[in-house]
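S.K.: The following block contains the structure, expressed as structure tokens.
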Amino acid sequence: MRISVQFYSYFKDLTGCAETTESLADGSTLGALHEQLIKKFPKLAAMKKSTLIAVGVDYQTRDYVLNDGEQVSLFPPVQGG
Amino acid sequence: MRISVQFYSYFKDLTGCAETTESLADGSTLGALHEQLIKKFPKLAAMKKSTLIAVGVDYQTRDYVLNDGEQVSLFPPVQGG
Amino acid sequence: MNRSLTITREPLDEAALLSRRTLSVGMGAVVHFLGIVRDREDGKKISAIEYEAFEQMVTHQFNLLFDEMEKRWPIESIRLVHRVGIVKVNEPSLWVEVVAPHRGEAFAACQWLIDEMKRVVPIWKKPVV
Amino acid sequence: MNRSLTITREPLDEAALLSRRTLSVGMGAVVHFLGIVRDREDGKKISAIEYEAFEQMVTHQFNLLFDEMEKRWPIESIRLVHRVGIVKVNEPSLWVEVVAPHRGEAFAACQWLIDEMKRVVPIWKKPVV
């Protein structure tokens with residue numbers, strides 16, 4: 001399956017892009033996607049523990065099982081206000 | 001000595017007046033003045049424990065020793081806002 | 001700390017108050033509180049509240065509270081307006097503004113001031129039916 | 001509960017926001033918070049902050065927070081405006097208004113919303129030197 005991934009804030013600087021598309025085996029989790037992204041963009045590794053991950057517009061945990069075509073977003077801690 | 005006393009809020013209704021003047025022995029305390037006022041205006045007795053007393057613009061306790069010409073104010077709990 | 005205290009019989013003009021706000025570049029938080037006259041007092045319908053104040057003592061007691069705020073928090077500005085006389089239901093009787101570097105201290109100071117005011121500032125309410 | 005959420009690139013117009021406030025006769029408390037851009041970030045002088053938002057998710061997450069507020073407190077109205085893009089030092093980036101029957105719940109709800117916003121609403125800051 002193919003998953004579209006968006007980066008926000010300085011994650012765009014760490015990866016050098018705002019968006020990418022990943023291919024994963026069916027039934028893969030968000031955690032597996034994150035590992036795959038860290039291999040592709042090693043600068044994401046240092047932020048691994050504080051990375052926030054959303055599927056669509058909701059936060060999800062690493063054990064969330066992805067579905068084909070879902071949109072994932074990765075970003076650092078938020079800082080509004 | 002003579003002490004001028006002002007009443008505020010519903011204390012004016014309890015006493016039927018906004019202001020009175022009391023004569024006291026030199027060295028009398030605020031507590032003694034309060035007792036004298038309760039004798040003169042018995043409806044103040046029910047409020048005795050919650051009465052707030054100021055000398056000039058500062059709160060004082062019952063053991064405060066009065067001086068001739070001081071201005072005392074008696075009133076119920078405040079309720080601004 | 002900039003202080004402004006107004007005890008007035010006139011309606012509150014929020015827009016005019018806002019236009020007079022000063023705010024230095026180190027300030028990150030402004031908190032406003034408006035106290036509004038509700039349509040019920042002790043379960044009974046009312047049309048207004050009449051506020052009575054012992055005005056000289058009100059000014060003095062507010063200044064004591066402002067002194068204490070200045071010691072406790074790094075506040076740049078406190079402004080407070082309290083109406084006296086008759087204030088109709090749905091109209092504000094109290095307006096408070098606190099300006100501080102951070103929101104925690106602005107909220108804490110504003111709430112502390114209102115709590116203390118209700119303990120020591122000689123203003124009284126009388127419901128008007 | 002009346003809700004109004006605005007994510008905007010335009011400057012905040014406090015006076016216009018005030019003029020649109022609605023307040024029923026049972027409401028006794030209005031709390032406003034303004035978050036202002038300070039002149040320093042991590043000890044360094046800045047001229048502005050650039051706010052970036054994941055807008056669809058911002059709207060959704062704010063609505064989840066508003067749902068929770070509605071469960072916790074008897075709030076009549078919540079209005080929130082957050083600027084995105086470049087906001088200069090000394091200008092407000094955030095305006096929040098909570099209307100409730102009593103001040104305790106208005107203050108609690110307003111502070112809770114800002115704390116939660118800073119935890120879950122996807123908006124980020126980038127200092128501009």
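Every chain in the structure tokens takes a letter, A first, then B, and so on in the order presented; its residues are numbered from 1, and the ligands are numbered from 1 following the presented order.
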Tell me as number ranges by chain which residues belonging to chain A come within 7 Å of chain D, counting only C-alpha atoms.

M.R.: A: 9, 57, 78-81

S.K.: Extract, using only C-alpha atoms, all DNA, RNA and protein residues at most 8 Å from segment 25-27 of chain C, discarding same-chain residues fewer than 6 positions from it, and format them as a list of chain:residue names.

M.R.: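 What passes the distance filter is C:Glu76, C:Val99, C:Ala100, C:Pro101, C:His102, D:Ile36, D:Val37, D:Arg38, D:Asp39, D:Arg40, D:Val89, D:Asn90.
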
S.K.: Dump N, CA and C atoms for the selected residues as a CSV table (one decimal), in the first residue's frame?

M.R.:
```
chain,number,residue,atom,x,y,z
C,76,GLU,N,3.3,44.5,34.5
C,76,GLU,CA,3.6,45.8,34.0
C,76,GLU,C,2.4,46.8,34.2
C,99,VAL,N,-1.6,43.2,32.7
C,99,VAL,CA,-0.6,42.9,31.6
C,99,VAL,C,0.7,42.4,32.3
C,100,ALA,N,1.2,41.3,31.8
C,100,ALA,CA,2.4,40.7,32.4
C,100,ALA,C,3.2,40.0,31.3
C,101,PRO,N,4.5,39.6,31.6
C,101,PRO,CA,5.3,38.9,30.6
C,101,PRO,C,4.7,37.6,30.2
C,102,HIS,N,4.1,36.8,31.1
C,102,HIS,CA,3.6,35.5,30.8
C,102,HIS,C,2.2,35.3,31.3
D,36,ILE,N,0.6,37.9,23.2
D,36,ILE,CA,1.3,38.9,22.5
D,36,ILE,C,2.7,38.4,22.1
D,37,VAL,N,3.2,38.8,21.0
D,37,VAL,CA,4.5,38.4,20.6
D,37,VAL,C,5.5,39.2,21.3
D,38,ARG,N,6.4,38.6,22.1
D,38,ARG,CA,7.4,39.3,22.9
D,38,ARG,C,8.7,39.5,22.0
D,39,ASP,N,9.5,40.5,22.5
D,39,ASP,CA,10.7,40.9,21.7
D,39,ASP,C,11.9,39.9,21.9
D,40,ARG,N,11.8,38.9,22.7
D,40,ARG,CA,12.8,37.9,22.8
D,40,ARG,C,12.3,36.5,22.7
D,89,VAL,N,6.5,41.7,16.7
D,89,VAL,CA,6.6,41.9,18.2
D,89,VAL,C,5.6,43.0,18.6
D,90,ASN,N,5.0,42.8,19.8
D,90,ASN,CA,4.0,43.7,20.4
D,90,ASN,C,2.6,43.6,19.8
```

S.K.: Can you list, as a PyMOL selection string, every residue of chain D that DSSP puts in alpha helix (DSSP H)?

M.R.: chain D and resi 14-19+55-72+103-120

S.K.: What's the separation between atom CA of Lys88 of chain D and atom CA of Asp13 of chain A, in Å to one decimal place?

M.R.: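 A separation of 23.2 Å between them.
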
S.K.: Please return as number ranges by chain: the residues of segment 2-81 of chain A that backbone DSSP assigns to strand (DSSP E).

M.R.: A: 2-7, 19-23, 52-55, 58-59, 71-75

S.K.: Would you save the residues from that selection as a compact mmCIF listing (two decimals), in the first residue's frame, using N, CA, C and O atoms?

M.R.:
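Full text of result.txt as output:
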```txt
# COMPACT_ATOMS: atom_id res chain seq x y z
N ARG A 2 0.26 2.33 -0.40
CA ARG A 2 1.00 3.59 -0.48
C ARG A 2 0.41 4.60 0.52
O ARG A 2 -0.81 4.72 0.64
N ILE A 3 1.32 5.23 1.24
CA ILE A 3 0.91 6.18 2.28
C ILE A 3 1.57 7.53 1.97
O ILE A 3 2.79 7.61 1.77
N SER A 4 0.76 8.56 1.95
CA SER A 4 1.28 9.90 1.73
C SER A 4 1.66 10.50 3.08
O SER A 4 0.90 10.40 4.05
N VAL A 5 2.86 11.09 3.15
CA VAL A 5 3.36 11.63 4.42
C VAL A 5 3.68 13.11 4.27
O VAL A 5 4.33 13.52 3.31
N GLN A 6 3.18 13.91 5.23
CA GLN A 6 3.49 15.34 5.22
C GLN A 6 4.33 15.70 6.44
O GLN A 6 4.13 15.14 7.52
N PHE A 7 5.25 16.65 6.25
CA PHE A 7 6.06 17.15 7.36
C PHE A 7 5.70 18.60 7.65
O PHE A 7 5.41 19.36 6.72
N GLU A 19 6.64 16.81 1.73
CA GLU A 19 5.74 15.67 1.50
C GLU A 19 6.52 14.54 0.83
O GLU A 19 7.42 14.80 0.02
N THR A 20 6.15 13.32 1.16
CA THR A 20 6.76 12.18 0.48
C THR A 20 5.72 11.06 0.43
O THR A 20 4.68 11.14 1.09
N THR A 21 5.97 10.02 -0.39
CA THR A 21 5.06 8.88 -0.43
C THR A 21 5.85 7.61 -0.14
O THR A 21 6.94 7.43 -0.68
N GLU A 22 5.33 6.81 0.75
CA GLU A 22 6.02 5.58 1.15
C GLU A 22 5.21 4.35 0.72
O GLU A 22 3.98 4.37 0.77
N SER A 23 5.94 3.28 0.34
CA SER A 23 5.29 1.99 0.07
C SER A 23 5.53 1.09 1.27
O SER A 23 6.66 0.98 1.75
N LEU A 52 5.33 13.95 16.95
CA LEU A 52 3.87 13.74 17.01
C LEU A 52 3.43 13.23 15.65
O LEU A 52 3.92 13.69 14.61
N ILE A 53 2.51 12.26 15.66
CA ILE A 53 2.06 11.66 14.41
C ILE A 53 0.53 11.68 14.35
O ILE A 53 -0.15 11.25 15.28
N ALA A 54 0.03 12.18 13.21
CA ALA A 54 -1.42 12.19 12.99
C ALA A 54 -1.74 11.39 11.73
O ALA A 54 -0.96 11.36 10.78
N VAL A 55 -2.91 10.75 11.75
CA VAL A 55 -3.46 10.13 10.53
C VAL A 55 -4.71 10.95 10.22
O VAL A 55 -5.62 11.02 11.06
N ASP A 58 -6.36 13.36 13.16
CA ASP A 58 -6.33 12.83 14.54
C ASP A 58 -4.97 12.25 14.89
O ASP A 58 -4.34 11.58 14.07
N TYR A 59 -4.56 12.48 16.13
CA TYR A 59 -3.34 11.85 16.63
C TYR A 59 -3.54 10.35 16.72
O TYR A 59 -4.63 9.88 17.06
N GLN A 71 -3.43 9.46 4.87
CA GLN A 71 -2.52 10.60 4.90
C GLN A 71 -1.95 10.74 6.30
O GLN A 71 -2.70 10.89 7.27
N VAL A 72 -0.63 10.66 6.39
CA VAL A 72 0.05 10.72 7.69
C VAL A 72 0.82 12.04 7.80
O VAL A 72 1.36 12.51 6.81
N SER A 73 0.83 12.62 8.98
CA SER A 73 1.61 13.84 9.21
C SER A 73 2.56 13.65 10.38
O SER A 73 2.17 13.10 11.40
N LEU A 74 3.78 14.10 10.20
CA LEU A 74 4.79 14.05 11.27
C LEU A 74 5.24 15.46 11.61
O LEU A 74 5.53 16.25 10.70
N PHE A 75 5.30 15.74 12.90
CA PHE A 75 5.74 17.09 13.27
C PHE A 75 6.29 17.13 14.69
O PHE A 75 6.02 16.23 15.50
```

S.K.: Within 7 Å of Glu50 of chain D, counting only C-alpha atoms, which residues qualify if same-chain residues fewer than 5 places away don't, as a PyMOL selection string?

M.R.: chain D and resi 85-87+125-128

S.K.: What is the distance between atom CA of Arg72 of chain D and atom CA of His32 of chain D, in Å to one decimal?

M.R.: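 Pair atom CA of Arg72 of chain D / atom CA of His32 of chain D returns 18.9 Å.
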
S.K.: Could you name the residues that touch Met1 of chain B at 10 Å or less, counting only C-alpha atoms, but leaving out those on the same chain fewer than 4 positions away, as a list in words?

M.R.: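 In the requested form, the answer reads Glu22, Ser23, Leu24, Ala25, Asp26, Gly27, Ser28, Leu66, Asn67, Asp68, Gly69 and Glu70 of chain B.
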
S.K.: Using only C-alpha atoms, which residues sit within 7 Å of segment 32-44 of chain A once same-chain residues fewer than 4 positions away are excluded, as a VMD selection string?

M.R.: chain A and resid 14 to 15 28 48

S.K.: Between atom CA of Thr51 of chain A and atom CA of Pro77 of chain A, what distance in Å does the model show, to one decimal?

M.R.: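 Separation between atom CA of Thr51 of chain A and atom CA of Pro77 of chain A: 6.8 Å.
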
S.K.: Near Leu18 of chain D, within 10 Å and counting only C-alpha atoms, which residues show up once chain neighbours fewer than 4 positions away are dropped, as a list in words?

M.R.: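 Close residues of Leu18 of chain D: Glu14 and Ala15 of chain C; Asp13, Glu14, Thr22 and Glu97 of chain D.
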
S.K.: Write the selection just made, keeping N, CA, C and O atoms, as a short mmCIF file (atom, residue, chain, number, x, y, z; two decimals), in the first residue's frame?

M.R.:
```cif
data_model
loop_
_atom_site.label_atom_id
_atom_site.label_comp_id
_atom_site.auth_asym_id
_atom_site.auth_seq_id
_atom_site.Cartn_x
_atom_site.Cartn_y
_atom_site.Cartn_z
N GLU C 14 -15.70 49.71 27.15
CA GLU C 14 -14.60 48.77 26.91
C GLU C 14 -13.69 49.22 25.76
O GLU C 14 -12.47 49.11 25.85
N ALA C 15 -14.31 49.68 24.67
CA ALA C 15 -13.51 50.06 23.50
C ALA C 15 -12.56 51.19 23.85
O ALA C 15 -11.38 51.18 23.48
N ASP D 13 -8.61 42.37 15.37
CA ASP D 13 -9.34 43.62 15.61
C ASP D 13 -10.19 43.42 16.87
O ASP D 13 -11.34 42.99 16.81
N GLU D 14 -9.58 43.75 18.02
CA GLU D 14 -10.25 43.53 19.31
C GLU D 14 -11.59 44.25 19.39
O GLU D 14 -12.57 43.70 19.90
N THR D 22 -22.10 38.24 22.25
CA THR D 22 -23.47 38.06 22.72
C THR D 22 -23.38 37.51 24.14
O THR D 22 -22.45 36.78 24.48
N GLU D 97 -11.93 34.39 24.21
CA GLU D 97 -12.98 34.92 25.08
C GLU D 97 -13.85 33.77 25.58
O GLU D 97 -14.30 32.94 24.78
#
```
